$ cat upload10.cif   # mmCIF, C-alpha atoms and all ligand atoms
data_entry
loop_
_atom_site.group_PDB
_atom_site.id
_atom_site.type_symbol
_atom_site.label_atom_id
_atom_site.label_comp_id
_atom_site.auth_asym_id
_atom_site.auth_seq_id
_atom_site.Cartn_x
_atom_site.Cartn_y
_atom_site.Cartn_z
ATOM 1 C CA MET A 118 177.103 34.835 -28.021
ATOM 2 C CA THR A 119 174.576 34.664 -25.176
ATOM 3 C CA GLY A 120 173.223 31.136 -25.805
ATOM 4 C CA SER A 121 171.573 29.272 -22.947
ATOM 5 C CA THR A 122 174.409 29.470 -20.423
ATOM 6 C CA GLU A 123 173.854 31.132 -17.062
ATOM 7 C CA ALA A 124 176.140 33.991 -18.046
ATOM 8 C CA GLY A 125 174.100 34.404 -21.211
ATOM 9 C CA ALA A 126 170.879 34.445 -19.219
ATOM 10 C CA ARG A 127 172.288 37.199 -16.985
ATOM 11 C CA VAL A 128 173.127 39.270 -20.042
ATOM 12 C CA ARG A 129 169.641 38.756 -21.488
ATOM 13 C CA LEU A 130 168.026 39.744 -18.178
ATOM 14 C CA ARG A 131 170.122 42.907 -17.991
ATOM 15 C CA ARG A 132 169.083 43.772 -21.549
ATOM 16 C CA LEU A 133 165.435 43.116 -20.732
ATOM 17 C CA TYR A 134 165.527 45.497 -17.758
ATOM 18 C CA PHE A 135 167.311 48.064 -19.913
ATOM 19 C CA VAL A 136 164.414 47.942 -22.381
ATOM 20 C CA TYR A 137 161.849 48.008 -19.541
ATOM 21 C CA ASP A 138 163.567 51.105 -18.197
ATOM 22 C CA VAL A 139 162.918 53.053 -21.385
ATOM 23 C CA ASP A 140 159.470 51.633 -22.228
ATOM 24 C CA PRO A 141 157.325 54.723 -22.902
ATOM 25 C CA ARG A 142 154.175 52.935 -21.640
ATOM 26 C CA LEU A 143 155.643 53.044 -18.114
ATOM 27 C CA ALA A 144 156.546 56.735 -18.122
ATOM 28 C CA VAL A 145 154.045 57.685 -15.393
ATOM 29 C CA VAL A 146 155.035 55.127 -12.774
ATOM 30 C CA ARG A 147 158.717 55.566 -13.672
ATOM 31 C CA ALA A 148 158.423 59.302 -12.968
ATOM 32 C CA GLU A 149 156.579 58.623 -9.696
ATOM 33 C CA ALA A 150 159.498 56.398 -8.633
ATOM 34 C CA GLY A 151 162.121 58.943 -9.594
ATOM 35 C CA GLY A 152 163.393 56.512 -12.206
ATOM 36 C CA VAL A 153 164.458 53.904 -9.641
ATOM 37 C CA LEU A 154 164.038 50.443 -11.177
ATOM 38 C CA VAL A 155 163.933 47.361 -8.937
ATOM 39 C CA PRO A 156 164.980 44.382 -11.078
ATOM 40 C CA GLY A 157 164.209 40.755 -10.342
ATOM 41 C CA ASP A 158 166.647 39.002 -8.059
ATOM 42 C CA GLY A 159 167.932 35.460 -7.753
ATOM 43 C CA PRO A 160 169.519 32.609 -9.688
ATOM 44 C CA VAL A 161 168.890 32.438 -13.424
ATOM 45 C CA ARG A 162 168.063 28.723 -13.210
ATOM 46 C CA PRO A 163 165.683 28.878 -10.230
ATOM 47 C CA ARG A 164 163.417 26.190 -8.819
ATOM 48 C CA LEU A 165 160.554 28.692 -8.815
ATOM 49 C CA MET A 166 159.843 32.220 -10.038
ATOM 50 C CA PHE A 167 157.939 34.344 -7.497
ATOM 51 C CA VAL A 168 156.048 37.391 -8.743
ATOM 52 C CA GLY A 169 154.923 40.189 -6.432
ATOM 53 C CA GLU A 170 153.037 43.393 -7.117
ATOM 54 C CA ALA A 171 155.503 46.287 -7.037
ATOM 55 C CA PRO A 172 158.396 47.415 -4.847
ATOM 56 C CA GLY A 173 157.821 49.394 -1.651
ATOM 57 C CA ALA A 174 160.036 52.017 -0.060
ATOM 58 C CA ARG A 175 162.707 49.685 1.269
ATOM 59 C CA GLU A 176 162.862 47.754 -2.001
ATOM 60 C CA ALA A 177 163.355 51.006 -3.917
ATOM 61 C CA LYS A 178 166.072 52.083 -1.486
ATOM 62 C CA LEU A 179 167.990 48.812 -1.807
ATOM 63 C CA ARG A 180 166.920 48.161 -5.426
ATOM 64 C CA LYS A 181 165.974 44.628 -4.475
ATOM 65 C CA PRO A 182 162.501 42.998 -4.334
ATOM 66 C CA PHE A 183 160.935 41.811 -1.093
ATOM 67 C CA VAL A 184 163.479 43.129 1.405
ATOM 68 C CA GLY A 185 160.998 44.875 3.740
ATOM 69 C CA ALA A 186 158.371 43.445 6.071
ATOM 70 C CA SER A 187 156.667 41.447 3.298
ATOM 71 C CA GLY A 188 160.057 40.073 2.295
ATOM 72 C CA GLN A 189 160.736 38.925 5.849
ATOM 73 C CA LEU A 190 157.453 37.026 5.919
ATOM 74 C CA LEU A 191 158.197 35.564 2.479
ATOM 75 C CA ASN A 192 161.609 34.424 3.755
ATOM 76 C CA ASP A 193 159.907 32.782 6.753
ATOM 77 C CA MET A 194 157.445 30.996 4.487
ATOM 78 C CA LEU A 195 160.272 29.771 2.238
ATOM 79 C CA GLU A 196 162.130 28.533 5.276
ATOM 80 C CA SER A 197 159.005 26.732 6.511
ATOM 81 C CA VAL A 198 159.166 24.494 3.425
ATOM 82 C CA LEU A 199 162.957 24.199 3.605
ATOM 83 C CA LEU A 200 163.526 26.387 0.569
ATOM 84 C CA ASP A 201 166.215 29.017 0.626
ATOM 85 C CA ARG A 202 165.815 32.367 -1.024
ATOM 86 C CA SER A 203 168.961 31.630 -3.011
ATOM 87 C CA GLU A 204 167.048 28.872 -4.858
ATOM 88 C CA VAL A 205 164.234 31.072 -6.158
ATOM 89 C CA PHE A 206 163.951 34.084 -8.434
ATOM 90 C CA ILE A 207 161.826 36.970 -7.144
ATOM 91 C CA THR A 208 160.413 39.741 -9.309
ATOM 92 C CA ASN A 209 157.430 42.093 -9.521
ATOM 93 C CA VAL A 210 154.691 42.875 -12.051
ATOM 94 C CA VAL A 211 155.620 46.554 -11.830
ATOM 95 C CA LYS A 212 159.307 47.216 -11.276
ATOM 96 C CA TYR A 213 158.989 50.806 -10.086
ATOM 97 C CA ARG A 214 157.475 51.905 -6.789
ATOM 98 C CA PRO A 215 154.044 53.439 -7.492
ATOM 99 C CA LYS A 216 153.400 56.752 -5.718
ATOM 100 C CA ASP A 217 152.138 56.256 -2.144
ATOM 101 C CA ASN A 218 152.061 52.511 -2.846
ATOM 102 C CA ARG A 219 148.930 52.910 -4.994
ATOM 103 C CA ASP A 220 147.583 49.857 -6.826
ATOM 104 C CA PRO A 221 149.095 49.360 -10.286
ATOM 105 C CA GLU A 222 146.875 50.538 -13.141
ATOM 106 C CA PRO A 223 145.486 47.744 -15.349
ATOM 107 C CA ALA A 224 147.580 49.109 -18.229
ATOM 108 C CA GLU A 225 150.735 48.846 -16.088
ATOM 109 C CA VAL A 226 149.819 45.267 -15.220
ATOM 110 C CA GLY A 227 149.274 44.565 -18.927
ATOM 111 C CA VAL A 228 152.720 45.880 -19.827
ATOM 112 C CA GLY A 229 154.203 44.034 -16.843
ATOM 113 C CA ARG A 230 152.733 40.776 -18.138
ATOM 114 C CA VAL A 231 154.753 41.025 -21.357
ATOM 115 C CA TYR A 232 158.016 41.436 -19.466
ATOM 116 C CA LEU A 233 157.175 38.698 -16.928
ATOM 117 C CA TRP A 234 156.859 36.103 -19.680
ATOM 118 C CA LYS A 235 160.157 37.279 -21.171
ATOM 119 C CA GLU A 236 161.820 36.963 -17.748
ATOM 120 C CA HIS A 237 160.263 33.514 -17.448
ATOM 121 C CA ARG A 238 161.762 32.399 -20.758
ATOM 122 C CA ILE A 239 165.222 33.721 -19.844
ATOM 123 C CA LEU A 240 165.016 31.846 -16.521
ATOM 124 C CA GLY A 241 164.445 28.541 -18.310
ATOM 125 C CA TYR A 242 160.646 28.262 -17.795
ATOM 126 C CA PRO A 243 160.390 27.577 -14.034
ATOM 127 C CA PRO A 244 156.976 27.095 -12.341
ATOM 128 C CA ILE A 245 155.577 30.475 -11.248
ATOM 129 C CA VAL A 246 154.116 31.534 -7.893
ATOM 130 C CA ALA A 247 151.966 34.679 -8.127
ATOM 131 C CA LEU A 248 151.782 36.610 -4.848
ATOM 132 C CA GLY A 249 148.614 38.660 -4.559
ATOM 133 C CA ARG A 250 145.824 39.627 -6.917
ATOM 134 C CA HIS A 251 147.823 41.883 -9.238
ATOM 135 C CA ALA A 252 150.404 39.199 -9.947
ATOM 136 C CA ALA A 253 147.613 36.646 -10.408
ATOM 137 C CA ALA A 254 145.740 39.000 -12.738
ATOM 138 C CA ALA A 255 148.896 39.494 -14.775
ATOM 139 C CA LEU A 256 149.535 35.789 -15.198
ATOM 140 C CA MET A 257 146.423 33.650 -15.068
ATOM 141 C CA ALA A 258 143.045 33.248 -16.681
ATOM 142 C CA ASP A 259 141.311 32.556 -13.353
ATOM 143 C CA PRO A 260 143.128 34.655 -10.760
ATOM 144 C CA THR A 261 140.608 33.822 -8.029
ATOM 145 C CA ARG A 262 141.700 30.218 -7.530
ATOM 146 C CA ILE A 263 144.091 30.532 -4.627
ATOM 147 C CA GLY A 264 146.301 27.677 -3.533
ATOM 148 C CA THR A 265 145.947 25.267 -6.461
ATOM 149 C CA TRP A 266 148.317 24.979 -9.405
ATOM 150 C CA GLN A 267 146.883 25.881 -12.800
ATOM 151 C CA HIS A 268 148.406 25.561 -16.226
ATOM 152 C CA VAL A 269 148.870 28.732 -18.232
ATOM 153 C CA GLY A 270 149.986 27.628 -21.657
ATOM 154 C CA GLY A 271 152.549 25.018 -20.690
ATOM 155 C CA THR A 272 153.513 26.688 -17.422
ATOM 156 C CA PRO A 273 152.311 25.709 -13.936
ATOM 157 C CA VAL A 274 151.208 28.838 -12.062
ATOM 158 C CA LEU A 275 150.136 28.975 -8.412
ATOM 159 C CA ALA A 276 148.304 31.989 -6.954
ATOM 160 C CA LEU A 277 148.869 32.672 -3.259
ATOM 161 C CA ARG A 278 147.919 35.565 -1.018
ATOM 162 C CA HIS A 279 150.390 38.422 -0.897
ATOM 163 C CA PRO A 280 152.593 38.361 2.233
ATOM 164 C CA ALA A 281 151.269 41.824 3.160
ATOM 165 C CA TYR A 282 147.949 40.113 3.846
ATOM 166 C CA GLY A 283 149.608 38.317 6.757
ATOM 167 C CA ILE A 284 151.316 41.429 8.047
ATOM 168 C CA TYR A 285 148.218 43.576 8.361
ATOM 169 C CA GLN A 286 146.283 40.701 9.940
ATOM 170 C CA ARG A 287 148.523 38.262 11.695
ATOM 171 C CA ASN A 288 145.681 35.809 12.257
ATOM 172 C CA ASN A 289 145.778 35.111 8.483
ATOM 173 C CA GLN A 290 149.282 33.709 8.772
ATOM 174 C CA PRO A 291 148.496 30.083 9.761
ATOM 175 C CA LEU A 292 146.330 29.662 6.629
ATOM 176 C CA MET A 293 148.994 31.344 4.496
ATOM 177 C CA PHE A 294 151.735 29.054 5.794
ATOM 178 C CA GLU A 295 149.459 26.076 5.141
ATOM 179 C CA GLN A 296 148.711 27.193 1.569
ATOM 180 C CA PHE A 297 152.393 27.962 0.969
ATOM 181 C CA LYS A 298 153.229 24.242 1.206
ATOM 182 C CA ALA A 299 151.772 23.894 -2.307
ATOM 183 C CA VAL A 300 154.892 25.554 -3.751
ATOM 184 C CA LEU A 301 156.655 22.208 -3.314
ATOM 185 C CA ASN A 302 154.147 20.374 -5.499
ATOM 186 C CA ALA A 303 154.448 22.049 -8.864
ATOM 187 C CA PRO A 304 153.053 19.734 -11.544
ATOM 188 C CA GLN A 305 155.305 18.821 -14.450
HETATM 189 N N1 LIG B 1 155.583 43.865 -2.092
HETATM 190 C C1 LIG B 1 155.686 43.471 -3.392
HETATM 191 O O1 LIG B 1 154.707 43.125 -4.017
HETATM 192 N N2 LIG B 1 156.884 43.461 -3.939
HETATM 193 C C2 LIG B 1 157.992 43.794 -3.292
HETATM 194 O O2 LIG B 1 159.060 43.739 -3.890
HETATM 195 C C3 LIG B 1 157.861 44.204 -1.950
HETATM 196 C C4 LIG B 1 156.648 44.221 -1.381
#
$ encode --input "upload10.cif" --output "structure tokens"
Amino acid sequence: MTGSTEAGARVRLRRLYFVYDVDPRLAVVRAEAGGVLVPGDGPVRPRLMFVGEAPGAREAKLRKPFVGASGQLLNDMLESVLLDRSEVFITNVVKYRPKDNRDPEPAEVGVGRVYLWKEHRILGYPPIVALGRHAAAALMADPTRIGTWQHVGGTPVLALRHPAYGIYQRNNQPLMFEQFKAVLNAPQ
């Protein structure tokens, strides 16, 4: 019995990642990553679900999303709005590290989309924050509208710039921190 309890949600998430890990449509990127899967991380009844692009080297090493430089900036942005990482769930469109950090293929994003909505259901339908254009493309009809909440089906989704955008050009950070405040205003 896995019902709607938190323990049940954990079991359902584990099963989902088990299925993801044998999905034949992801064979190429799985092989590139040496089979190392980076699952989503966080509480199963989160305030928000954050979606990034794909794990990098450090994430693959620790098997945890957003634990490298981008993760540090994401932590700082969360802190700036008085949110703690322990309150949010963080996952990626692609859960394997693509070779040389290449962009995900559209087909990989398409497969990722299916699993993201299943994760979302298991997590109890939290509002979603899409970080970067691949996450936005996976989740929304108009992925170019950055910084304003949109409804996708019944779910509020907010597209923001990927933290890496603030790492490669630090002068982007003030705007990113400003736009990040919107995470607190998810519509019902
Ligand atoms: N960038 C991402 O998109 N995801 C991670 O997990 C780390 C960096």
$ residues_near_ligand --input "upload10.cif" --ligand "ligand LIG 1 (chain B)" --cutoff "6 Å" --atoms "all atoms listed in the file" --output "JSON, numbers by chain"
{"A": [169, 170, 171, 172, 173, 176, 182, 183, 187, 209]}
$ resolve_selection --input "upload10.cif" --expression "the PyMOL selection byres (((chain A and resi 194) around 12) and not hetatm)" --output "PyMOL selection string"
chain A and resi 187-193+195-202+277-280+283+290-301
$ atom_distance --input "upload10.cif" --atom1 "CA of Lys212 in chain A" --atom2 "CA of Arg287 in chain A"
26.9 Å
$ axis_aligned_box --input "upload10.cif" --around "range 201-214 of chain A" --padding-each-side "4 Å" --output "lines of an AutoDock Vina configuration file"
center_x = 161.8
center_y = 40.4
center_z = -5.7
size_x = 22.3
size_y = 31.0
size_z = 20.7
$ resolve_selection --input "upload10.cif" --expression "the PyMOL selection byres (((chain A and resi 229-242) around 8) and not hetatm)" --output "number ranges by chain"
A: 126, 129-130, 133, 137, 161-163, 166, 210-211, 225-228, 243-244, 255-256, 272
$ atom_distance --input "upload10.cif" --atom1 "CA of Leu179 in chain A" --atom2 "CA of Ala281 in chain A"
18.8 Å
